[in-house]
Structures are given as structure tokens and as C-alpha cells.
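Colleague: This one is coords-v7.csv, CSV, C-alpha atoms.
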chain,number,residue,atom,x,y,z
U,1,MET,CA,47.7,18.6,49.7
U,2,ALA,CA,48.2,20.4,53.1
U,3,GLU,CA,47.9,17.2,55.1
U,4,HIS,CA,50.6,15.5,53.0
U,5,GLY,CA,53.1,18.2,53.9
U,6,ALA,CA,52.1,18.7,57.5
U,7,HIS,CA,55.0,16.5,58.7
U,8,ILE,CA,57.5,18.9,57.3
U,9,THR,CA,57.1,21.4,60.1
U,10,THR,CA,55.4,19.3,62.9
U,11,ALA,CA,55.5,15.8,64.1
U,12,SER,CA,52.8,13.6,65.6
U,13,ALA,CA,52.9,12.1,69.1
U,14,VAL,CA,53.9,8.7,67.7
U,15,ASP,CA,56.5,9.9,65.2
U,16,ASP,CA,59.5,11.5,66.9
U,17,ARG,CA,61.2,12.5,63.6
U,18,PRO,CA,62.4,16.1,63.6
U,19,SER,CA,61.4,18.4,60.9
U,20,ILE,CA,63.6,19.1,57.9
U,21,PHE,CA,64.3,22.6,59.2
U,22,GLU,CA,65.6,21.3,62.5
U,23,VAL,CA,68.0,18.8,60.8
U,24,VAL,CA,69.3,21.3,58.3
U,25,ALA,CA,69.8,23.9,61.0
U,26,GLN,CA,71.9,21.5,63.1
U,27,ASP,CA,73.9,20.5,60.1
U,28,SER,CA,74.7,24.1,59.3
U,29,LEU,CA,75.7,24.9,62.9
U,30,MET,CA,79.2,23.3,62.9
U,31,THR,CA,79.6,24.5,59.3
U,32,ALA,CA,79.3,28.0,60.5
U,33,VAL,CA,81.5,27.5,63.6
U,34,ARG,CA,84.5,26.4,61.6
U,35,PRO,CA,85.0,29.5,59.4
U,36,ALA,CA,84.4,31.7,62.4
U,37,LEU,CA,87.2,30.0,64.4
U,38,GLN,CA,89.4,30.1,61.3
U,39,HIS,CA,88.9,33.8,61.0
U,40,VAL,CA,89.9,34.3,64.6
U,41,VAL,CA,93.0,32.2,64.2
U,42,LYS,CA,93.9,34.1,61.0
U,43,VAL,CA,93.7,37.5,62.8
U,44,LEU,CA,95.8,36.2,65.6
U,45,ALA,CA,98.4,34.8,63.2
U,46,GLU,CA,98.6,38.0,61.3
U,47,SER,CA,98.9,40.1,64.5
U,48,ASN,CA,101.7,37.9,65.9
U,49,PRO,CA,103.1,35.4,63.5
U,50,ALA,CA,105.9,34.2,65.8
U,51,ARG,CA,103.5,33.2,68.6
U,52,TYR,CA,100.3,32.2,66.8
U,53,GLY,CA,101.6,31.3,63.3
U,54,PHE,CA,101.5,27.5,64.1
U,55,LEU,CA,97.8,27.8,64.8
U,56,TRP,CA,97.1,28.9,61.3
U,57,SER,CA,99.5,26.3,59.8
U,58,TRP,CA,97.9,23.4,61.7
U,59,PHE,CA,94.4,24.8,62.0
U,60,ASP,CA,92.8,21.8,60.3
U,61,GLU,CA,94.5,19.3,62.5
U,62,ILE,CA,93.8,21.3,65.7
U,63,PHE,CA,90.2,21.8,64.8
U,64,THR,CA,89.8,18.1,64.0
U,65,LEU,CA,91.3,17.1,67.4
U,66,LEU,CA,89.0,19.5,69.3
U,67,ASP,CA,86.0,18.3,67.2
U,68,LEU,CA,86.9,14.7,68.0
U,69,LEU,CA,87.1,15.4,71.7
U,70,LEU,CA,83.8,17.3,71.6
U,71,GLN,CA,81.8,14.9,69.5
U,72,GLN,CA,83.0,11.8,71.3
U,73,HIS,CA,82.0,13.4,74.7
U,74,TYR,CA,78.5,14.3,73.4
U,75,LEU,CA,77.9,10.9,71.7
U,76,SER,CA,78.9,9.0,74.8
U,77,LYS,CA,77.0,11.2,77.2
U,78,THR,CA,73.9,12.4,75.3
U,79,SER,CA,73.6,10.0,72.3
U,80,ALA,CA,74.0,13.0,69.9
U,81,SER,CA,76.5,15.3,68.4
U,82,PHE,CA,77.1,18.8,69.8
U,83,SER,CA,74.8,20.4,67.2
U,84,GLU,CA,72.1,17.7,67.5
U,85,ASN,CA,72.0,18.1,71.3
U,86,PHE,CA,71.9,21.9,70.9
U,87,TYR,CA,68.6,21.5,68.9
U,88,GLY,CA,67.2,18.9,71.3
U,89,LEU,CA,67.8,15.8,69.1
U,90,LYS,CA,69.4,12.4,69.7
U,91,ARG,CA,70.6,9.4,67.7
U,92,ILE,CA,68.6,6.3,67.9
U,93,VAL,CA,70.0,2.9,66.9
U,94,MET,CA,68.2,1.5,63.8
U,95,GLY,CA,65.9,-1.5,64.7
U,96,ASP,CA,65.1,-0.2,68.2
U,97,THR,CA,61.4,-0.1,68.8
U,98,HIS,CA,59.8,2.8,70.6
U,99,LYS,CA,59.6,0.8,73.9
U,100,LEU,CA,63.1,-0.6,73.7
U,101,GLN,CA,64.8,2.7,72.9
U,102,ARG,CA,67.8,3.6,75.1
U,103,LEU,CA,67.8,6.8,77.1
U,104,ALA,CA,70.0,9.5,75.7
U,105,SER,CA,72.0,9.6,78.9
U,106,ALA,CA,73.1,6.0,78.2
U,107,GLY,CA,75.1,7.0,75.2
U,108,LEU,CA,75.4,5.2,71.9
U,109,PRO,CA,76.7,1.6,71.6
U,110,LYS,CA,80.4,1.5,70.7
U,111,LYS,CA,79.9,0.4,67.2
U,112,GLN,CA,77.5,3.2,66.3
U,113,LEU,CA,79.5,5.6,68.4
U,114,TRP,CA,82.7,5.2,66.4
U,115,LYS,CA,80.9,5.1,63.1
U,116,SER,CA,79.3,8.4,64.0
U,117,VAL,CA,82.7,9.9,65.1
U,118,MET,CA,84.2,8.8,61.8
U,119,PHE,CA,81.5,10.4,59.7
U,120,LEU,CA,81.2,13.5,61.9
U,121,VAL,CA,85.0,14.2,62.3
U,122,LEU,CA,87.2,12.2,60.0
U,123,LEU,CA,85.2,12.5,56.8
U,124,PRO,CA,84.9,16.4,56.9
U,125,TYR,CA,88.7,16.6,57.6
U,126,LEU,CA,89.5,14.4,54.6
U,127,LYS,CA,87.0,16.5,52.4
U,128,VAL,CA,88.7,19.7,53.4
U,129,LYS,CA,92.2,18.3,52.7
U,130,LEU,CA,91.0,17.0,49.3
U,131,GLU,CA,89.5,20.4,48.4
U,132,LYS,CA,92.8,22.1,49.3
U,133,LEU,CA,94.7,19.6,47.2
U,134,ILE,CA,92.4,20.1,44.2
U,135,SER,CA,92.8,23.9,44.6
U,136,SER,CA,96.6,23.7,44.7
U,137,LEU,CA,96.7,21.3,41.7
U,138,ARG,CA,94.4,23.6,39.7
U,139,GLU,CA,96.6,26.6,40.4
U,140,GLU,CA,99.7,24.6,39.4
U,141,ASP,CA,97.9,23.4,36.3
U,142,GLU,CA,96.8,26.9,35.3
U,143,TYR,CA,100.3,28.5,35.7
U,144,SER,CA,102.2,25.5,34.2
U,145,ILE,CA,103.6,26.0,30.7
U,146,HIS,CA,104.9,22.4,30.4
U,147,PRO,CA,102.7,19.8,28.6
U,148,PRO,CA,101.7,16.7,30.6
U,149,THR,CA,104.4,14.2,29.9
U,150,SER,CA,104.6,12.0,33.0
U,151,ARG,CA,101.9,9.6,34.2
U,152,TRP,CA,101.5,11.6,37.4
U,153,LYS,CA,100.7,14.8,35.5
U,154,ARG,CA,98.2,12.9,33.4
U,155,PHE,CA,96.6,11.5,36.5
U,156,TYR,CA,96.1,14.8,38.3
U,157,ARG,CA,94.8,16.4,35.0
U,158,ALA,CA,92.2,13.6,35.0
U,159,LEU,CA,91.5,14.2,38.7
U,160,LEU,CA,90.9,17.9,38.1
U,161,ALA,CA,88.5,17.1,35.3
U,162,ALA,CA,86.6,14.4,37.2
U,163,TYR,CA,86.4,16.2,40.6
U,164,PRO,CA,83.5,18.6,39.7
U,165,PHE,CA,81.4,15.7,38.6
U,166,VAL,CA,82.2,13.6,41.6
U,167,ASN,CA,81.4,16.5,43.9
U,168,MET,CA,78.2,17.1,42.1
U,169,ALA,CA,77.2,13.5,42.5
U,170,TRP,CA,78.0,13.6,46.2
U,171,GLU,CA,75.9,16.7,46.8
U,172,GLY,CA,73.1,15.3,44.6
U,173,TRP,CA,73.1,12.2,46.8
U,174,PHE,CA,72.5,14.3,49.9
U,175,LEU,CA,69.8,16.4,48.1
U,176,VAL,CA,67.9,13.4,46.9
U,177,GLN,CA,68.0,11.9,50.4
U,178,GLN,CA,66.7,15.2,51.9
U,179,LEU,CA,63.8,15.2,49.4
U,180,ARG,CA,62.9,11.6,50.3
U,181,TYR,CA,63.0,12.6,53.9
U,182,ILE,CA,60.7,15.6,53.3
U,183,LEU,CA,58.2,13.3,51.4
U,184,GLY,CA,58.3,10.7,54.2
U,185,LYS,CA,60.0,8.1,52.1
U,186,ALA,CA,63.1,7.8,54.2
U,187,GLN,CA,64.0,7.8,57.9
U,188,HIS,CA,67.3,9.7,57.4
U,189,HIS,CA,67.9,13.2,55.9
U,190,SER,CA,71.5,12.3,55.4
U,191,PRO,CA,73.0,9.0,53.9
U,192,LEU,CA,75.8,9.2,56.5
U,193,LEU,CA,73.3,8.5,59.2
U,194,SER,CA,72.1,5.4,57.4
U,195,LEU,CA,75.8,4.2,57.0
U,196,ALA,CA,76.3,4.8,60.8
U,197,GLY,CA,73.2,2.7,61.6
U,198,VAL,CA,71.3,5.4,63.4
U,199,ARG,CA,68.5,7.9,62.9
U,200,LEU,CA,67.6,11.2,64.5
U,201,GLY,CA,64.7,11.6,66.9
U,202,ARG,CA,63.6,14.2,69.4
U,203,LEU,CA,64.5,14.1,73.1
U,204,THR,CA,61.7,12.8,75.2
U,205,VAL,CA,60.8,14.0,78.7
U,206,GLN,CA,62.5,10.9,80.2
U,207,ASP,CA,65.7,11.7,78.2
U,208,ILE,CA,65.7,15.3,79.5
U,209,GLN,CA,65.2,14.2,83.1
U,210,ALA,CA,67.9,11.6,82.9
U,211,LEU,CA,70.4,14.1,81.3
U,212,GLU,CA,69.6,16.6,84.1
U,213,HIS,CA,70.1,14.1,86.9
U,214,ARG,CA,73.1,12.3,85.5
U,215,PRO,CA,75.9,14.8,86.8
U,216,THR,CA,74.4,14.5,90.3
U,217,GLU,CA,74.3,10.7,90.2
U,218,ALA,CA,77.8,10.4,88.8
U,219,SER,CA,79.2,12.6,91.6
U,220,MET,CA,77.4,10.5,94.2
U,221,MET,CA,78.5,7.1,92.8
U,222,GLN,CA,82.1,8.1,92.2
U,223,GLN,CA,84.5,6.0,94.3
U,224,PRO,CA,88.2,6.3,94.9
U,225,ALA,CA,90.3,4.0,92.6
U,226,GLY,CA,92.4,1.3,94.1
U,227,SER,CA,95.6,0.9,92.1
U,228,ALA,CA,97.8,3.6,90.6
U,229,GLY,CA,96.8,2.6,87.1
U,230,GLU,CA,93.1,3.0,87.9
U,231,LYS,CA,93.8,6.4,89.5
U,232,ILE,CA,95.7,7.6,86.4
U,233,LYS,CA,93.0,6.3,84.1
U,234,SER,CA,90.3,8.0,86.2
U,235,ALA,CA,92.3,11.3,86.3
U,236,LEU,CA,92.7,11.2,82.5
U,237,LYS,CA,89.0,10.5,82.0
U,238,GLN,CA,88.1,13.4,84.2
U,239,ALA,CA,90.5,15.7,82.5
U,240,VAL,CA,89.2,14.8,79.1
U,241,GLY,CA,85.6,15.1,80.3
U,242,GLY,CA,86.3,18.5,81.9
U,243,ALA,CA,88.1,19.8,78.7
U,244,ALA,CA,85.1,18.6,76.6
U,245,SER,CA,82.6,20.3,78.9
U,246,CYS,CA,84.5,23.6,78.9
U,247,LEU,CA,84.8,23.4,75.1
U,248,SER,CA,81.1,22.6,74.7
U,249,THR,CA,80.2,25.5,77.1
U,250,GLY,CA,82.4,27.9,75.1
U,251,LEU,CA,80.9,26.8,71.8
U,252,SER,CA,77.4,27.1,73.2
U,253,VAL,CA,78.0,30.7,74.2
U,254,GLY,CA,79.9,31.3,71.0
U,255,VAL,CA,77.0,30.1,68.8
U,256,PHE,CA,74.8,32.9,70.2
U,257,PHE,CA,77.5,35.5,69.4
U,258,LEU,CA,77.9,34.0,66.0
U,259,GLN,CA,74.2,34.3,65.3
U,260,PHE,CA,74.2,37.8,66.6
U,261,LEU,CA,77.1,38.8,64.2
U,262,GLU,CA,75.3,37.2,61.3
U,263,TRP,CA,72.2,39.3,62.1
U,264,TRP,CA,74.4,42.4,62.6
U,265,TYR,CA,76.1,42.1,59.3
U,266,SER,CA,73.1,41.0,57.3
U,267,SER,CA,72.3,43.0,54.2
U,268,GLU,CA,68.8,44.0,55.4
U,269,ASN,CA,70.2,45.3,58.7
U,270,GLN,CA,72.9,47.5,57.2
U,271,GLU,CA,70.6,50.4,56.7
U,272,THR,CA,69.6,50.4,60.3
U,273,ILE,CA,73.3,50.1,61.4
U,274,LYS,CA,74.2,53.0,59.2
U,275,SER,CA,71.4,55.2,60.6
U,276,LEU,CA,72.5,54.3,64.2
U,277,THR,CA,76.2,54.7,63.7
U,278,ALA,CA,76.3,57.6,61.2
U,279,LEU,CA,78.0,60.7,62.6
U,280,PRO,CA,77.0,64.3,61.7
U,281,THR,CA,79.0,66.1,59.1
U,282,PRO,CA,81.5,68.4,60.9
U,283,PRO,CA,81.1,72.1,60.1
U,284,PRO,CA,83.8,74.0,58.3
U,285,PRO,CA,86.3,76.0,60.4
U,286,VAL,CA,84.7,79.3,61.5
U,287,HIS,CA,88.0,81.2,61.5
U,288,LEU,CA,88.5,80.9,57.8
U,289,ASP,CA,87.2,83.3,55.2
U,290,TYR,CA,85.6,81.4,52.2
U,291,ASN,CA,84.4,84.4,50.3
U,292,SER,CA,85.4,84.7,46.7
U,293,ASP,CA,87.6,87.8,47.5
U,294,SER,CA,89.5,85.9,50.2
U,295,PRO,CA,93.2,86.9,50.1
U,296,LEU,CA,94.1,83.2,50.5
U,297,LEU,CA,92.7,82.3,47.2
U,298,PRO,CA,93.8,83.9,43.8
U,299,GLN,CA,91.2,85.3,41.5
U,300,MET,CA,92.3,83.1,38.6
U,301,LYS,CA,91.4,79.4,39.0
U,302,THR,CA,94.6,78.4,37.2
U,303,VAL,CA,96.9,80.1,39.6
U,304,CYS,CA,98.5,78.3,42.5
U,305,PRO,CA,97.5,79.8,45.9
U,306,LEU,CA,101.0,79.4,47.2
U,307,CYS,CA,103.3,80.8,44.5
U,308,ARG,CA,100.6,83.0,42.8
U,309,LYS,CA,101.7,81.7,39.4
U,310,ASN,CA,100.1,79.4,36.8
U,311,ARG,CA,100.1,75.9,38.2
U,312,VAL,CA,102.7,73.4,37.1
U,313,ASN,CA,102.1,69.7,37.8
U,314,ASP,CA,98.6,70.2,39.2
U,315,THR,CA,98.2,68.4,42.5
U,316,VAL,CA,95.1,68.3,44.7
U,317,LEU,CA,95.0,67.9,48.5
U,318,ALA,CA,92.6,65.0,49.3
U,319,THR,CA,91.8,66.6,52.7
U,320,SER,CA,90.5,69.9,51.4
U,321,GLY,CA,90.1,69.6,47.6
U,322,TYR,CA,92.2,72.6,46.6
U,323,VAL,CA,94.7,72.4,43.8
U,324,PHE,CA,98.3,73.6,43.9
U,325,CYS,CA,101.6,73.2,42.1
U,326,TYR,CA,103.2,69.9,43.2
U,327,ARG,CA,106.5,71.4,44.3
U,328,CYS,CA,104.8,74.2,46.3
U,329,VAL,CA,102.3,72.0,48.2
U,330,PHE,CA,104.8,69.2,48.8
U,331,ASN,CA,107.2,71.5,50.5
U,332,TYR,CA,104.4,73.2,52.5
U,333,VAL,CA,102.8,70.0,53.7
U,334,ARG,CA,106.1,68.4,54.6
U,335,SER,CA,107.0,71.5,56.7
U,336,HIS,CA,103.6,72.4,58.2
U,337,ARG,CA,101.6,69.1,58.1
U,338,ALA,CA,98.4,71.1,57.2
U,339,CYS,CA,96.5,72.4,54.2
U,340,PRO,CA,97.6,76.0,53.3
U,341,ILE,CA,94.0,77.2,52.8
U,342,THR,CA,91.8,75.3,55.3
U,343,GLY,CA,94.3,74.4,58.0
U,344,TYR,CA,93.2,70.8,58.0
U,345,PRO,CA,95.8,68.3,59.3
U,346,THR,CA,97.4,66.8,56.2
U,347,GLN,CA,100.1,64.3,55.3
U,348,VAL,CA,102.3,63.9,52.2
U,349,GLN,CA,100.3,60.8,51.2
U,350,HIS,CA,97.2,63.0,50.8
U,351,LEU,CA,98.7,64.6,47.6
U,352,ILE,CA,97.0,63.4,44.4
U,353,LYS,CA,98.4,64.2,41.0
U,354,LEU,CA,96.0,65.4,38.4
U,355,TYR,CA,96.4,64.6,34.7
U,356,SER,CA,94.8,66.6,32.0
U,357,PRO,CA,93.4,64.9,28.8
U,358,GLU,CA,96.3,66.5,26.8
U,359,SER,CA,98.9,64.8,28.9
Let's see the structure in the file written out as C-alpha cells.
Modeller:
Amino acid sequence: MAEHGAHITTASAVDDRPSIFEVVAQDSLMTAVRPALQHVVKVLAESNPARYGFLWSWFDEIFTLLDLLLQQHYLSKTSASFSENFYGLKRIVMGDTHKLQRLASAGLPKKQLWKSVMFLVLLPYLKVKLEKLISSLREEDEYSIHPPTSRWKRFYRALLAAYPFVNMAWEGWFLVQQLRYILGKAQHHSPLLSLAGVRLGRLTVQDIQALEHRPTEASMMQQPAGSAGEKIKSALKQAVGGAASCLSTGLSVGVFFLQFLEWWYSSENQETIKSLTALPTPPPPVHLDYNSDSPLLPQMKTVCPLCRKNRVNDTVLATSGYVFCYRCVFNYVRSHRACPITGYPTQVQHLIKLYSPES
């Protein structure tokens, strides 16, 4: 039984297929990057809506554009997406034998490249937009009091009813493909790779050496362009390549910070964080007398410490816990900004009204 499942975590020298853990990890990498960037944009938009509000309004389009630039750069330079290259994987054209495989530095052929770009960038964008449309239609349907009379309303009611089953079938398709990949019955862990005509494999020693030497060779072979059109085209290509390189470097560094934050805020790490960041309880003020015969406190617990009469409209100070009449403590706190008994700094919003069961 053990020998049948050995390929799940390791690969033989002949078989260059990555393990299921590697392919699932690279799939989840960009899935984790998107909500992290979305949270950053949301914080910026809330802090300064006039300047950064458009980033939140057009986040899906801006992220898709940057993702397109990043993935196209990696697919053409390393034969892999950003996350696949991050885990040392590459895309191999289906039908290529082990001896005829292209080096990763050669990039994917144009047909497989644009298919990969479509499934990596365009399909997730359309899926996000569809989920947002379904969510808005569901909210409109829940709060609508009018019966479905028009054909359009009947259509989106049917769409809302059918979408959960379609989504379940879509996710089930991917799950079945992953199970077949684990059992060695398929070469792809994702059906999208099959549609793109590629499969995943590990980078070889030759691939790594070619990727390391390629920037040096490109700089040595670069020649000045002749015509103005060629110069503009070369400048644009260099600008796009430089922007993609900067974006990939920033994402590579950001991934480490993202994984650190996931560890920092994990549930099993919270107790350690609390023990490290917990502050000691401050001692009570030493200049105050807390004996039962203190002149600041009345003997009767139903008497207000300020007016020395039975309390009316019992109100507690959240900063100290002592109870007063509302009128007395409100005027005192508004004038002195402190608790009458303890001297703790206090604001009017710290007053809390107490209600007895009789009231």
C-alpha cells in the first residue's frame, strides 16, 4: 500500500511530475495574494477616499492588468506562471518527449502561452465578476417585494437557483481531477492545464543554469535598433519587462511577509502572542484612601458620593466602576474630566446608565 502512494510526496528520477502538495501550494499562492492586496487598497481608500477611492472602485480591473503583465512576463521568460516559478516548476507542452523538451528559458510557444494567459488571468476575472453579479442579484431578490413578472426577473431567479449547482459541478470537476492526479491516473492536477495543452514539471539543472545565464546573455547580445519604430518598440518592450520584473520582485518579497502574517495571526500562535505582548496591570493610585471609612465614599451604598443623597438615575463610570447620580456625575466629569473618587481621566462617553429590574 505504501509503494502505491509514494509518488504523492516524492518523484522518481524519470518522472518529473511535482507532488500534489507542490501544485496545490502554488495554486493557493495567488489566491492568498489577491485578498491581501485588496485589504491594503481598502485601507488606503478609507483613509483618503478622494485620492485612493478609484483604486477600490477599479480594483478588479487594475489587479487583472497587473496580473496579465506579470504572468505574460513569466510565461515568456520562464515557461511558468509566477507562482509555478516560485515553487520551481515549469509548463511542458503536451507531446514533448523527455529528450525534446524545451528549456524553461525559451518560454512557451505562442499558442500555449496565450491559452495559459487566458486561463490564468481572464477566467479568474470573469469568475469574480460573476460572483459579484450573483451576490447583487441575490440581495435584490431578497429585499424585493414585487413578484417576478418580466422575463428578465424570471431569468435571474432561475440563474440564482442554478448557480450553486453549477459552482458545485465546477469545483467537483477540479476535485476529481486532483484525485486522479494523486492516484497517478492523470498528468494534470487541473483540467485547465489540459485545456491549455501543457502539464507541470520540475525545473531541471539545465533549466536553472539557463535561467541564471539568460540576463547576462541578453545584455551582451543587445544591439541598438536602426529605425525610430524599432527604437520605440524596443523601449516599450524594456519598459514592460522592467515593470514586470519590479512587480515580480515586490510580490516575491510580499509573499514572505504574507506567510509571516498568516503565522502571526494563526489561532495556535495567539496564546504566545498574548504572553509576549501582555502588559502588567497598573497599580491603583497610592495617594487615594480606599478604606471603608474614606471621607470620599458615603457609608450607605445607595447614596451618591457627590450630592450625599439617595441616587437618582444611577450611572456608573466605566473608568472606575463607581456609581453616582447622572446629573451629579455628568456635570462633574464635564467640568473636571476626571473621576471624583479615583481621579482617573474620564470623558462624558464613559458614563453608563444603570437600569433596575423594576424599571
Colleague: Interatomic distance between atom CA of U:Pro109 and atom CA of U:Asp27?
Modeller: 22.3 Å
Colleague: Suppose you want the space between atom CA of U:Ser190 and atom CA of U:Leu113; what is it in Å?
Modeller: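 Computing it gives 16.7 Å between the two atoms.
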Colleague: I'd like the neighbourhood of U:Ala318 as a ChimeraX atom specification, where a residue qualifies if any of its atoms comes within 9 Å (using all atoms listed in the file), though same-chain residues fewer than 5 positions away should be ignored.
Modeller: /U:346,349-352
Colleague: For the residues in the current selection, export C-alpha atoms as a PDB file, in the frame of the given file.
Modeller:
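That gives us again-v4.pdb:
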ATOM      1  CA  THR U 346      97.400  66.800  56.200  1.00  0.00           C
ATOM      2  CA  GLN U 349     100.300  60.800  51.200  1.00  0.00           C
ATOM      3  CA  HIS U 350      97.200  63.000  50.800  1.00  0.00           C
ATOM      4  CA  LEU U 351      98.700  64.600  47.600  1.00  0.00           C
ATOM      5  CA  ILE U 352      97.000  63.400  44.400  1.00  0.00           C
TER       6      ILE U 352
END
Colleague: Taking all atoms listed in the file into account, name the residue in U:Gln187, U:Gln101, U:Ser57, U:Ser135 that is nearest to U:Pro18.
Modeller: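 Smallest distance to U:Pro18 is found for U:Gln187.
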Colleague: Considering all atoms listed in the file, can you say which of U:Arg51, U:Arg311, U:Arg337, U:Arg91 comes closest to U:His188?
Modeller: U:Arg91
Colleague: Between atom CA of U:Lys309 and atom CA of U:Leu297, what is the distance, to one decimal in Å?
Modeller: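 Atom CA of U:Leu297 lies 11.9 Å from atom CA of U:Lys309.
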Colleague: Smallest atom-to-atom distance to U:Thr78: which of U:Ala210, U:Leu126, U:Val41, U:Val23, using only C-alpha atoms?
Modeller: U:Ala210
Colleague: Could you name the residues that touch stretch 162-164 of chain U at 12 Å or less, counting all atoms listed in the file, but leaving out those on the same chain fewer than 2 positions away, as a list in words?
Modeller: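 Close residues of stretch 162-164 of chain U: Lys127, Leu130, Glu131, Leu133, Ile134, Ser135, Leu137, Arg138, Phe155, Tyr156, Arg157, Ala158, Leu159, Leu160, Val166, Asn167, Met168, Ala169, Trp170, Glu171 and Gly172 of chain U.
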Colleague: Hey, which of U:His189, U:Leu203, U:Trp58, U:Leu179 ends up closest to U:Glu84? Count only C-alpha atoms.
Modeller: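 The closest residue to U:Glu84 is U:Leu203.
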Colleague: Residues around (88.8, 29.5, 61.3), cut-off 12 Å, counting all atoms listed in the file - what are they as a list of chain:residue names?
Modeller: U:Met30, U:Thr31, U:Ala32, U:Val33, U:Arg34, U:Pro35, U:Ala36, U:Leu37, U:Gln38, U:His39, U:Val40, U:Val41, U:Lys42, U:Val43, U:Leu44, U:Ala45, U:Leu55, U:Trp56, U:Ser57, U:Trp58, U:Phe59, U:Asp60, U:Glu61, U:Ile62, U:Phe63, U:Thr64
